[in-house]
Amino acid sequence: MSTTAWMITLQFAGVNALFALAIYASLWTGVLSLAPVFFGAVSAFTFGYVAGTLGLSPFLGLLLGAVLGAGLGALTAGLLIRLDSHYLAMATIAMVLIGRVLILNLPAEYTGGATGTLVPGDLGTWAWLIGTLVVAAYVMARLAGSRFGLAADAVREDPAVAETLAISPRRIQFIGMIISGALGGVAGILQSSFLQYIGPDTFYTHLGFVTLAAVVLGGAFHWLGPIVGAIVFTILPELLREPMGEYDRVVTGVLLVLIIIYMPRGLVDVRRLRLVRSRWWRPKGGGPEPGGPDPRDPQPVVRAEVVS
Amino acid sequence: MTELAVDIVGLTKAFGGLKAVDDVTIQVPPRRIHGILGPNGAGKTTVLNMVSGFIQADTGRIDVFGDDVTRLKPFQIARRGVARTYQNIRLFPGLTVLETVVAGAYMQRSSTIAGAILMSPTERRERREMRERAADLLDKVGCRAPHSALAETLSYGDQRRVEIARALATSPKVLLLDEPTAGMNDVESEEVGRLLVELRELGLTLILIEHNMRLVEEFCETVSVMNSGALLAEGAPTWCLEQDEVKEAYFGKRSDAARIATLRRARRGPGGS
Ligand SMILES: Nc1ncnc2c1ncn2[C@@H]1O[C@H](COP(=O)(O)OP(=O)(O)O)[C@@H](O)[C@H]1O
Ligand SMILES: [Mg+2]
């Protein structure tokens, strides 16, 4: 691959990492949502329209994406959080589909319809991309271990137990969707600025699939996971394209399946690290014996009976 | 009359055709250690599930310190000072021992998203205090496992202790314990018993489901005995265990007072307490 092609691939990897972080933000609270793709689309087309008619500084453009995305995230959460997880996921996929219909059918002066629309490219630089990514990663890293972060962990791992710790799952998921929205909005702005031309297929199911796969592959339990996943999942198909030709998709697909089976928590797996570490501390193990009696089994009716 | 800590009146819950809990009334004054006894399937866990809001009662009413909590959501009940542990240990798979307990302190923290992102001095102080408090609670419940180990890798005894520490982190007024000594040996069980007394001294009201009769007699001031969803007997543990219906529920028709007495002696062991 030429250097230019590499640069472009890496830029896409960076933007995908932002989208993946957006998906991660809601998944952290136990909500599987592809809505960030829709938030990205709305932000990008709004950005294109506003920048085209009024002009917009790059920083204001990003701010617009974050605020618009966060607002849409709140709105989506308000409408959808009550749904069960599967229906919620499907509803967000529907949002992505509806987004395309809207883009095609809104008056052409807003979205450009089927031909698409032009977007200023001044945000499409390495500096803006890396700067945004660093800020996003920093925010997620700071939130890990915070009051919100631990509550999100708890809600995701066992919402019923979290609730008996006085945590309101809905509230935590609402906050997660707002963060997810802000990240998705910003990612959409950067995406459009790199492409300088956006159409009905720019923010569509393919982007949703790639970024969701990035989260699954990279690991959905640590902020580093989506970033690593997005980089691997964007670069790998490009690397495979020359030797494999059109079979690159098959290889990435198989890889994804293998990772889901053998590394269900993804490449960045903090739990595995911690497990290894706890084993290292207590080589003899004071932990539950694999074959030992499981006290979680129903107890004998009266324990005193055992002695008789 | 002083206000009851937990006032359960006429509680009923059916699963399909099965009446898991049938018109149960349990009244527990503040600072009491109250046991719920009964054979497996008696409906004990279901009662705790309704008090903590895990499941909704069909009929009946539950008041906690005078507040009707019958139709509240679990987090609202938790905010009124009810915490619990689980018969089937339920820890968060990805969290360490310390994180698990800090997660329980959700309402004890005031930090905001912005504060966390900017790492404000308040946030820093709060994180430190929360870690210290969690470590203190783990000490109090007698968990000596490394705090940075995954909670799920601990021995069952320690897992139960972490669950208690997590529940205590919510600063509860009422603590519900579902078979807290299951899987523990006599020495460990005795430690749990002493912890109960210590917590009572701190002002907590404790309701526990327990199968270890020696522990019940030693530490519970009152008990309710259930069988097939209904209340069989209530009162002092020793008295309750003498009742024919109770013996029958536990040992079937062949039951005799002598057998329980023998068991009790055997349980205490030579030169027992
Ligand atoms: N969620 C549930 N769905 C259906 N049946 C249940 C449920 N929880 C408990 N039961 C049934 O209710 C009865 C009482 O159960 P439980 O309260 O767990 O008894 P205990 O804790 O006294 O052993 C049992 O027959 C049990 O199978
Ligand atoms: Mg039970």
# chains A, B, ... in the order shown; residues from 1 in each chain; ligands from 1
$ select_by_dssp --residues "range 143-238 of chain B" --states "helix (DSSP H, G or I)" --output "VMD selection string"
chain B and resid 151 to 153 156 to 169 186 to 201 213 to 219 237 to 238
$ residues_near_ligand --ligand "ligand 1" --cutoff "9 Å" --atoms "only C-alpha atoms and all ligand atoms" --output "ChimeraX atom specification"
/A:298-299,301 /B:13-16,18-21,36-49,55,87,178-179,209,226-229
$ residues_around --residues "range 66-74 of chain B" --least-positions-apart "2" --cutoff "10 Å" --atoms "only C-alpha atoms" --output "ChimeraX atom specification"
/A:160-168 /B:3-8,11,49-64,76-80,82-83
$ residues_around --residues "range 84-93 of chain A" --least-positions-apart "3" --cutoff "7 Å" --atoms "only C-alpha atoms" --output "list in words"
Val31, Leu32, Ser33, Leu34, Ala35, Leu80, Val96 and Leu97 of chain A
$ residues_around --residues "Ala103 in chain B" --least-positions-apart "5" --cutoff "8 Å" --atoms "only C-alpha atoms" --output "list in words"
Arg147, Leu150, Ala151, Ala154 and Leu165 of chain A; Arg166 of chain B
$ residues_around --residues "Ala214 in chain A" --least-positions-apart "2" --cutoff "12 Å" --atoms "only C-alpha atoms" --output "ChimeraX atom specification"
/A:13-24,207-212,216-220,223-236,252-253,255-256,259-260,266-268
$ write_last_selection --atoms "N, CA and C atoms" --output "compact mmCIF listing (two decimals), in the first residue's frame"
# COMPACT_ATOMS: atom_id res chain seq x y z
N ALA A 13 -9.27 4.61 10.71
CA ALA A 13 -9.15 3.85 11.97
C ALA A 13 -9.42 4.77 13.15
N GLY A 14 -8.88 5.99 13.09
CA GLY A 14 -9.06 6.95 14.18
C GLY A 14 -10.53 7.34 14.35
N VAL A 15 -11.18 7.64 13.23
CA VAL A 15 -12.59 8.02 13.31
C VAL A 15 -13.43 6.84 13.79
N ASN A 16 -13.12 5.65 13.26
CA ASN A 16 -13.84 4.46 13.72
C ASN A 16 -13.65 4.25 15.21
N ALA A 17 -12.45 4.56 15.70
CA ALA A 17 -12.19 4.42 17.13
C ALA A 17 -13.13 5.34 17.92
N LEU A 18 -13.37 6.54 17.41
CA LEU A 18 -14.30 7.45 18.10
C LEU A 18 -15.72 6.88 18.10
N PHE A 19 -16.13 6.37 16.94
CA PHE A 19 -17.45 5.73 16.88
C PHE A 19 -17.52 4.54 17.83
N ALA A 20 -16.43 3.76 17.84
CA ALA A 20 -16.41 2.58 18.71
C ALA A 20 -16.49 3.01 20.18
N LEU A 21 -15.81 4.09 20.54
CA LEU A 21 -15.89 4.59 21.91
C LEU A 21 -17.32 5.02 22.23
N ALA A 22 -18.01 5.57 21.22
CA ALA A 22 -19.39 5.98 21.43
C ALA A 22 -20.28 4.76 21.72
N ILE A 23 -20.04 3.70 20.97
CA ILE A 23 -20.82 2.47 21.21
C ILE A 23 -20.46 1.90 22.58
N TYR A 24 -19.17 1.97 22.90
CA TYR A 24 -18.70 1.47 24.20
C TYR A 24 -19.36 2.23 25.35
N LEU A 207 -20.90 1.13 8.48
CA LEU A 207 -20.18 1.80 9.56
C LEU A 207 -20.60 1.23 10.92
N GLY A 208 -21.89 0.98 11.07
CA GLY A 208 -22.38 0.40 12.32
C GLY A 208 -21.77 -0.96 12.57
N PHE A 209 -21.71 -1.78 11.53
CA PHE A 209 -21.16 -3.12 11.70
C PHE A 209 -19.67 -3.05 12.06
N VAL A 210 -18.93 -2.24 11.32
CA VAL A 210 -17.48 -2.17 11.55
C VAL A 210 -17.18 -1.69 12.96
N THR A 211 -17.89 -0.66 13.42
CA THR A 211 -17.55 -0.12 14.73
C THR A 211 -18.03 -1.05 15.85
N LEU A 212 -19.17 -1.70 15.64
CA LEU A 212 -19.61 -2.66 16.66
C LEU A 212 -18.63 -3.83 16.74
N VAL A 216 -16.43 -5.33 19.95
CA VAL A 216 -16.43 -6.73 20.35
C VAL A 216 -15.01 -7.30 20.29
N LEU A 217 -14.33 -6.98 19.19
CA LEU A 217 -12.98 -7.50 18.97
C LEU A 217 -12.00 -6.91 19.97
N GLY A 218 -12.07 -5.62 20.15
CA GLY A 218 -11.10 -4.94 21.01
C GLY A 218 -11.36 -5.20 22.48
N GLY A 219 -12.62 -5.33 22.84
CA GLY A 219 -12.96 -5.53 24.24
C GLY A 219 -13.87 -4.43 24.71
N ALA A 220 -14.99 -4.83 25.26
CA ALA A 220 -16.01 -3.86 25.63
C ALA A 220 -16.00 -3.56 27.12
N TRP A 223 -11.81 1.15 28.17
CA TRP A 223 -11.85 2.14 27.11
C TRP A 223 -10.82 1.89 26.02
N LEU A 224 -9.74 1.19 26.37
CA LEU A 224 -8.71 0.93 25.37
C LEU A 224 -9.20 -0.07 24.33
N GLY A 225 -10.13 -0.94 24.73
CA GLY A 225 -10.63 -1.99 23.84
C GLY A 225 -11.15 -1.47 22.52
N PRO A 226 -12.13 -0.55 22.54
CA PRO A 226 -12.68 -0.06 21.28
C PRO A 226 -11.62 0.60 20.39
N ILE A 227 -10.64 1.25 21.01
CA ILE A 227 -9.60 1.93 20.21
C ILE A 227 -8.73 0.88 19.53
N VAL A 228 -8.26 -0.10 20.31
CA VAL A 228 -7.45 -1.17 19.73
C VAL A 228 -8.25 -1.91 18.67
N GLY A 229 -9.50 -2.22 19.00
CA GLY A 229 -10.35 -2.95 18.07
C GLY A 229 -10.55 -2.19 16.76
N ALA A 230 -10.80 -0.89 16.86
CA ALA A 230 -11.03 -0.10 15.65
C ALA A 230 -9.78 -0.07 14.79
N ILE A 231 -8.63 0.07 15.41
CA ILE A 231 -7.39 0.12 14.64
C ILE A 231 -7.15 -1.23 13.95
N VAL A 232 -7.27 -2.31 14.71
CA VAL A 232 -7.04 -3.64 14.13
C VAL A 232 -8.07 -3.92 13.03
N PHE A 233 -9.32 -3.62 13.34
CA PHE A 233 -10.38 -4.00 12.42
C PHE A 233 -10.43 -3.12 11.18
N THR A 234 -9.82 -1.95 11.23
CA THR A 234 -9.78 -1.11 10.03
C THR A 234 -8.55 -1.45 9.20
N ILE A 235 -7.44 -1.72 9.87
CA ILE A 235 -6.19 -1.94 9.15
C ILE A 235 -6.12 -3.35 8.56
N LEU A 236 -6.62 -4.31 9.32
CA LEU A 236 -6.47 -5.71 8.91
C LEU A 236 -7.04 -5.99 7.51
N THR A 252 -11.62 -11.58 8.04
CA THR A 252 -11.98 -10.76 9.20
C THR A 252 -13.21 -11.32 9.89
N GLY A 253 -14.13 -11.86 9.10
CA GLY A 253 -15.32 -12.46 9.69
C GLY A 253 -14.98 -13.65 10.57
N LEU A 255 -12.10 -14.28 11.92
CA LEU A 255 -11.35 -13.76 13.07
C LEU A 255 -12.31 -13.28 14.16
N LEU A 256 -13.34 -12.58 13.72
CA LEU A 256 -14.32 -12.06 14.67
C LEU A 256 -15.00 -13.20 15.43
N ILE A 259 -12.62 -14.77 17.92
CA ILE A 259 -12.42 -13.95 19.11
C ILE A 259 -13.64 -14.01 20.02
N ILE A 260 -14.83 -14.02 19.41
CA ILE A 260 -16.03 -14.11 20.24
C ILE A 260 -16.03 -15.42 21.02
N GLY A 266 -12.84 -9.88 24.49
CA GLY A 266 -12.07 -9.08 23.54
C GLY A 266 -10.58 -9.10 23.78
N LEU A 267 -9.88 -8.36 22.93
CA LEU A 267 -8.40 -8.34 23.01
C LEU A 267 -7.92 -7.68 24.30
N VAL A 268 -8.54 -6.56 24.65
CA VAL A 268 -8.15 -5.87 25.89
C VAL A 268 -9.06 -6.39 27.00
$ closest_residue --among "B:Ser171, B:Gly235, B:Ile89, B:Val97" --to "ligand 2" --atoms "only C-alpha atoms and all ligand atoms"
B:Ile89
